[in-house]
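Printed here is target39.tsv (TSV, C-alpha atoms):
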```tsv
chain	number	residue	atom	x	y	z
A	1	MET	CA	69.05	78.33	35.62
A	2	GLU	CA	70.63	75.57	37.69
A	3	VAL	CA	70.87	72.08	36.19
A	4	HIS	CA	71.88	69.24	38.47
A	5	ALA	CA	72.36	65.45	38.30
A	6	ALA	CA	72.73	62.79	40.95
A	7	PRO	CA	76.32	61.97	41.95
A	8	GLY	CA	77.77	58.75	40.53
A	9	ASP	CA	75.88	58.72	37.23
A	10	GLU	CA	78.49	59.79	34.67
A	11	LEU	CA	76.07	60.00	31.76
A	12	ALA	CA	73.61	62.08	33.77
A	13	GLN	CA	76.42	64.33	35.00
A	14	LEU	CA	77.60	64.85	31.43
A	15	ARG	CA	74.02	65.56	30.32
A	16	ALA	CA	73.60	68.20	33.03
A	17	ARG	CA	76.83	69.91	31.99
A	18	TYR	CA	75.88	69.71	28.31
A	19	LEU	CA	72.48	71.23	29.07
A	20	ARG	CA	74.13	74.10	30.92
A	21	ALA	CA	76.35	74.72	27.86
A	22	GLN	CA	73.26	74.65	25.63
A	23	LEU	CA	71.39	77.17	27.73
A	24	ALA	CA	74.47	79.41	27.80
A	25	GLY	CA	74.80	79.16	24.02
A	26	ASP	CA	78.33	77.80	24.39
A	27	LEU	CA	78.81	75.54	21.36
A	28	ASP	CA	82.55	75.02	21.96
A	29	ASP	CA	81.99	73.79	25.51
A	30	ALA	CA	79.10	71.55	24.45
A	31	LEU	CA	81.23	69.86	21.78
A	32	ARG	CA	84.24	69.56	24.08
A	33	LEU	CA	82.11	67.83	26.70
A	34	LEU	CA	80.76	65.30	24.21
A	35	ILE	CA	84.06	64.47	22.54
A	36	GLU	CA	86.65	64.85	25.31
A	37	ASP	CA	84.55	63.89	28.33
A	38	GLY	CA	82.33	61.46	26.45
A	39	VAL	CA	83.86	59.71	23.43
A	40	HIS	CA	87.48	59.95	24.56
A	41	ARG	CA	86.57	58.49	27.95
A	42	GLY	CA	84.94	55.43	26.45
A	43	MET	CA	81.27	56.39	26.18
A	44	SER	CA	79.66	55.02	23.02
A	45	VAL	CA	78.23	57.36	20.42
A	46	PRO	CA	74.73	55.78	20.64
A	47	ALA	CA	74.77	56.26	24.42
A	48	LEU	CA	75.72	59.91	24.01
A	49	GLN	CA	73.10	60.44	21.30
A	50	ARG	CA	70.35	58.95	23.44
A	51	GLY	CA	71.47	59.70	26.98
A	52	VAL	CA	72.79	63.21	26.44
A	53	LEU	CA	71.49	64.84	23.26
A	54	ARG	CA	68.03	63.32	23.13
A	55	GLU	CA	67.37	63.70	26.86
A	56	ALA	CA	68.74	67.25	26.86
A	57	GLN	CA	66.45	68.16	23.97
A	58	LEU	CA	63.46	66.73	25.81
A	59	GLU	CA	64.37	68.92	28.78
A	60	ILE	CA	64.77	71.93	26.50
A	61	GLY	CA	61.28	71.26	25.15
A	62	ARG	CA	59.86	71.01	28.66
A	63	LEU	CA	61.51	74.26	29.74
A	64	TRP	CA	60.12	76.02	26.68
A	65	GLN	CA	56.59	74.66	27.23
A	66	GLU	CA	56.71	75.88	30.84
A	67	ASN	CA	57.94	79.33	29.71
A	68	GLN	CA	61.20	78.95	31.61
A	69	ILE	CA	63.22	79.68	28.47
A	70	SER	CA	62.46	81.79	25.42
A	71	VAL	CA	61.86	80.65	21.85
A	72	ALA	CA	65.27	82.12	20.98
A	73	GLN	CA	66.95	80.00	23.67
A	74	GLU	CA	65.11	76.90	22.45
A	75	HIS	CA	66.27	77.53	18.88
A	76	MET	CA	69.83	78.19	20.02
A	77	ALA	CA	69.92	75.01	22.10
A	78	THR	CA	68.54	72.94	19.23
A	79	ALA	CA	71.08	74.38	16.81
A	80	ILE	CA	73.84	73.31	19.19
A	81	SER	CA	72.46	69.77	19.33
A	82	ASN	CA	72.20	69.58	15.54
A	83	THR	CA	75.87	70.52	15.29
A	84	ALA	CA	76.72	68.07	18.05
A	85	LEU	CA	75.00	65.27	16.13
A	86	SER	CA	77.36	65.90	13.20
A	87	TYR	CA	80.41	65.74	15.46
A	88	LEU	CA	79.25	62.52	17.10
A	89	TYR	CA	78.50	60.99	13.70
A	90	GLU	CA	82.09	61.66	12.60
A	91	ALA	CA	83.37	60.02	15.79
A	92	ALA	CA	81.22	56.89	15.42
A	93	SER	CA	81.96	53.49	13.97
A	94	ARG	CA	79.58	52.43	11.20
A	95	ALA	CA	78.37	48.87	10.82
A	96	PRO	CA	78.98	47.17	7.44
A	97	SER	CA	76.41	48.03	4.80
A	98	ASN	CA	73.36	45.76	4.85
A	99	GLY	CA	72.37	46.76	1.32
A	100	LYS	CA	69.02	48.25	2.34
A	101	ARG	CA	67.91	51.82	1.64
A	102	VAL	CA	65.74	53.91	3.99
A	103	LEU	CA	64.09	57.25	3.28
A	104	VAL	CA	63.64	59.33	6.47
A	105	SER	CA	61.47	62.44	6.45
A	106	CYS	CA	59.44	64.79	8.59
A	107	VAL	CA	55.89	65.26	7.35
A	108	GLU	CA	54.57	68.46	5.84
A	109	GLY	CA	54.39	71.23	8.44
A	110	GLU	CA	56.69	69.46	10.94
A	111	LEU	CA	59.56	71.80	11.75
A	112	HIS	CA	61.04	69.80	14.64
A	113	GLU	CA	63.55	67.71	12.73
A	114	PHE	CA	65.95	66.75	15.53
A	115	PRO	CA	64.20	63.44	16.37
A	116	ALA	CA	64.11	62.44	12.70
A	117	ARG	CA	67.75	63.33	12.23
A	118	LEU	CA	68.68	61.31	15.31
A	119	VAL	CA	66.86	58.32	13.78
A	120	ALA	CA	68.51	58.89	10.39
A	121	ASP	CA	71.98	58.89	11.96
A	122	GLY	CA	71.16	55.79	13.99
A	123	LEU	CA	69.97	53.88	10.92
A	124	ASP	CA	73.01	55.00	8.94
A	125	LEU	CA	75.43	53.85	11.63
A	126	ALA	CA	73.55	50.54	11.81
A	127	GLY	CA	74.43	49.83	8.17
A	128	PHE	CA	71.47	51.22	6.23
A	129	GLU	CA	71.87	53.57	3.28
A	130	VAL	CA	69.87	56.55	4.50
A	131	HIS	CA	68.39	59.38	2.48
A	132	TYR	CA	67.28	62.11	4.90
A	133	LEU	CA	64.88	64.73	3.55
A	134	GLY	CA	64.68	66.97	6.63
A	135	ALA	CA	61.84	69.10	7.98
A	136	ASN	CA	58.51	70.13	6.44
A	137	VAL	CA	58.51	67.82	3.43
A	138	SER	CA	55.49	68.17	1.16
A	139	GLN	CA	53.68	65.08	-0.08
A	140	GLU	CA	54.73	65.94	-3.62
A	141	ARG	CA	58.41	66.11	-2.65
A	142	LEU	CA	58.09	62.90	-0.65
A	143	LEU	CA	56.65	61.05	-3.64
A	144	GLU	CA	59.36	62.44	-5.90
A	145	ALA	CA	62.04	61.21	-3.49
A	146	VAL	CA	60.47	57.74	-3.24
A	147	ALA	CA	60.36	57.49	-7.04
A	148	ALA	CA	63.96	58.67	-7.39
A	149	GLU	CA	65.56	56.69	-4.54
A	150	GLN	CA	63.47	53.50	-4.64
A	151	PRO	CA	63.87	52.86	-0.89
A	152	ASP	CA	63.22	49.56	0.84
A	153	LEU	CA	61.55	51.43	3.71
A	154	VAL	CA	60.09	54.89	4.40
A	155	ALA	CA	60.25	56.33	7.93
A	156	LEU	CA	58.04	59.35	8.65
A	157	SER	CA	58.30	61.61	11.71
A	158	ALA	CA	55.76	63.86	13.45
A	159	THR	CA	56.60	65.55	16.73
A	160	MET	CA	53.74	68.00	17.22
A	161	SER	CA	50.22	66.60	17.65
A	162	PHE	CA	48.74	69.10	15.19
A	163	ASN	CA	50.80	67.42	12.44
A	164	LEU	CA	49.09	64.04	12.87
A	165	SER	CA	46.68	64.78	10.03
A	166	ALA	CA	49.68	65.50	7.78
A	167	LEU	CA	51.16	62.17	8.86
A	168	GLN	CA	47.93	60.36	8.06
A	169	ASN	CA	47.78	62.05	4.66
A	170	ALA	CA	51.42	61.21	3.89
A	171	VAL	CA	50.88	57.53	4.71
A	172	ARG	CA	47.68	57.46	2.66
A	173	THR	CA	49.37	59.15	-0.29
A	174	LEU	CA	52.24	56.67	-0.22
A	175	ARG	CA	49.80	53.77	-0.09
A	176	GLU	CA	47.86	55.11	-3.06
A	177	SER	CA	50.71	56.40	-5.22
A	178	ALA	CA	53.81	54.34	-4.43
A	179	ASP	CA	54.58	50.64	-4.43
A	180	LYS	CA	51.83	49.00	-2.38
A	181	GLN	CA	54.40	46.67	-0.83
A	182	LEU	CA	56.67	49.50	0.37
A	183	PRO	CA	56.96	49.25	4.18
A	184	ILE	CA	56.13	52.45	6.07
A	185	MET	CA	57.25	53.18	9.62
A	186	VAL	CA	56.03	56.16	11.64
A	187	GLY	CA	57.45	57.71	14.78
A	188	GLY	CA	57.80	60.84	16.87
A	189	ALA	CA	56.18	62.20	20.00
A	190	ALA	CA	52.89	62.83	18.20
A	191	CYS	CA	52.49	59.09	17.54
A	192	SER	CA	53.23	57.79	21.01
A	193	SER	CA	49.99	58.81	22.72
A	194	SER	CA	47.70	59.94	19.92
A	195	GLY	CA	45.37	56.98	19.51
A	196	VAL	CA	44.99	58.04	15.89
A	197	GLU	CA	44.66	55.21	13.38
A	198	LEU	CA	47.59	55.16	10.96
A	199	ASP	CA	47.88	52.76	8.04
A	200	ALA	CA	51.57	52.13	8.73
A	201	ASP	CA	53.43	48.85	9.04
A	202	ALA	CA	55.07	49.80	12.33
A	203	SER	CA	55.53	52.59	14.84
A	204	ALA	CA	58.67	53.24	16.89
A	205	THR	CA	60.20	56.22	18.63
A	206	GLU	CA	63.35	55.07	20.44
A	207	VAL	CA	66.30	54.80	18.04
A	208	ALA	CA	67.15	51.24	19.11
A	209	ASP	CA	63.53	50.19	18.50
A	210	VAL	CA	63.53	51.94	15.12
A	211	ILE	CA	66.66	50.06	14.03
A	212	HIS	CA	65.31	46.72	15.25
A	213	THR	CA	61.93	47.27	13.57
A	214	ALA	CA	63.52	48.54	10.35
A	215	LYS	CA	65.56	45.35	10.07
A	216	GLN	CA	62.44	43.26	10.54
A	217	LEU	CA	60.50	45.22	7.92
A	218	VAL	CA	63.19	44.81	5.26
A	219	GLY	CA	63.91	41.16	6.06
A	220	ILE	CA	67.18	41.40	7.96
A	221	SER	CA	67.62	38.98	10.83
A	222	ALA	CA	68.53	40.74	14.07
```
What would the structure in this file look like if it were written as structure tokens?
Amino acid sequence: MEVHAAPGDELAQLRARYLRAQLAGDLDDALRLLIEDGVHRGMSVPALQRGVLREAQLEIGRLWQENQISVAQEHMATAISNTALSYLYEAASRAPSNGKRVLVSCVEGELHEFPARLVADGLDLAGFEVHYLGANVSQERLLEAVAAEQPDLVALSATMSFNLSALQNAVRTLRESADKQLPIMVGGAACSSSGVELDADASATEVADVIHTAKQLVGISA
């Protein structure tokens, strides 16, 4: 499968090359592109996270939905991006701690954890203390984590539309069982066009918007 980008756009060119490495299952080449052709040439880690990894994953999802790639290829490509996130995190500069703690989690049944992990890394690099629970987190486990970690904010992610009911239930459970004043933020592709009523304090999908909104919810001036 041919992947192209317009001449002159370095980030788009890098994304196209990264996507080709993903589809070929070439982890070494994907990491080399990000670090040597990205970080070492002056591209910021947030720009690479958003402009390369996130956009490439969206394209991977589109190709899978249109049956242009197999489930195995989609899983392989996502595994490469998860590893790439770790490498970019190690190469990034972290802002000073702001003293606020955020719990980030996918809702029960949600297996697509890449968007949530991208948000978790972004919040961490922005100075938050982040506790990331991962994919398919039951309401019971979520409540246990909130009780144990005592976060200043909970961020819940749902990518697939059929997990919206789980998101609603998770928010409701937190409202009923946890500190009533605990801010709750929701995000993910399922939230962006659902029209479903959620009893959350805020909704955001883009990492920059998540960070900005998180600071507002916990009382940090931008």
Handout entry: For Thr83 (chain A), the nearest of the candidates A:Leu182, A:Leu142, A:Leu118, A:Ile220, counting all atoms listed in the file
Key =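 Checking each candidate against Thr83 (chain A), we get A:Leu118 as the closest.
Considering only C-alpha atoms, the residue among A:Val52, A:Val137, A:Ile211, A:Ala47 positioned nearest to Leu125 (chain A) is A:Ile211.
Nearest-residue note for Ser44 (chain A): choosing from A:Ser70, A:Gln22, A:Gln65, A:Ser93, the minimum distance belongs to A:Ser93, counting all atoms listed in the file.
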Handout entry: Spatial sel., origin (66.4, 65.1, 12.5), limit 9 Å, all atoms listed in the file, listed as a PyMOL selection string
Key = chain A and resi 82+104-106+112-121+132+134-135+157
Handout entry: Spatial sel., origin (73.4, 50.3, 8.5), limit 9 Å, all atoms listed in the file, listed as a PyMOL selection string
Key = chain A and resi 94-101+122-130+211
Handout entry: Counting only C-alpha atoms, the residue of A:Asp9, A:Asp26, A:Glu144, A:Asp209 that sits nearest Gln73 (chain A)
Key =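 The answer is A:Asp26, which sits nearest to Gln73 (chain A).
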Practice task
Can you work out which one of A:Trp64, A:Val218, A:Arg50, A:Ile80 has the shortest atom-to-atom distance to Arg20 (chain A), counting all atoms listed in the file?
Solution key: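 For Arg20 (chain A), the nearest of the candidates is A:Ile80.
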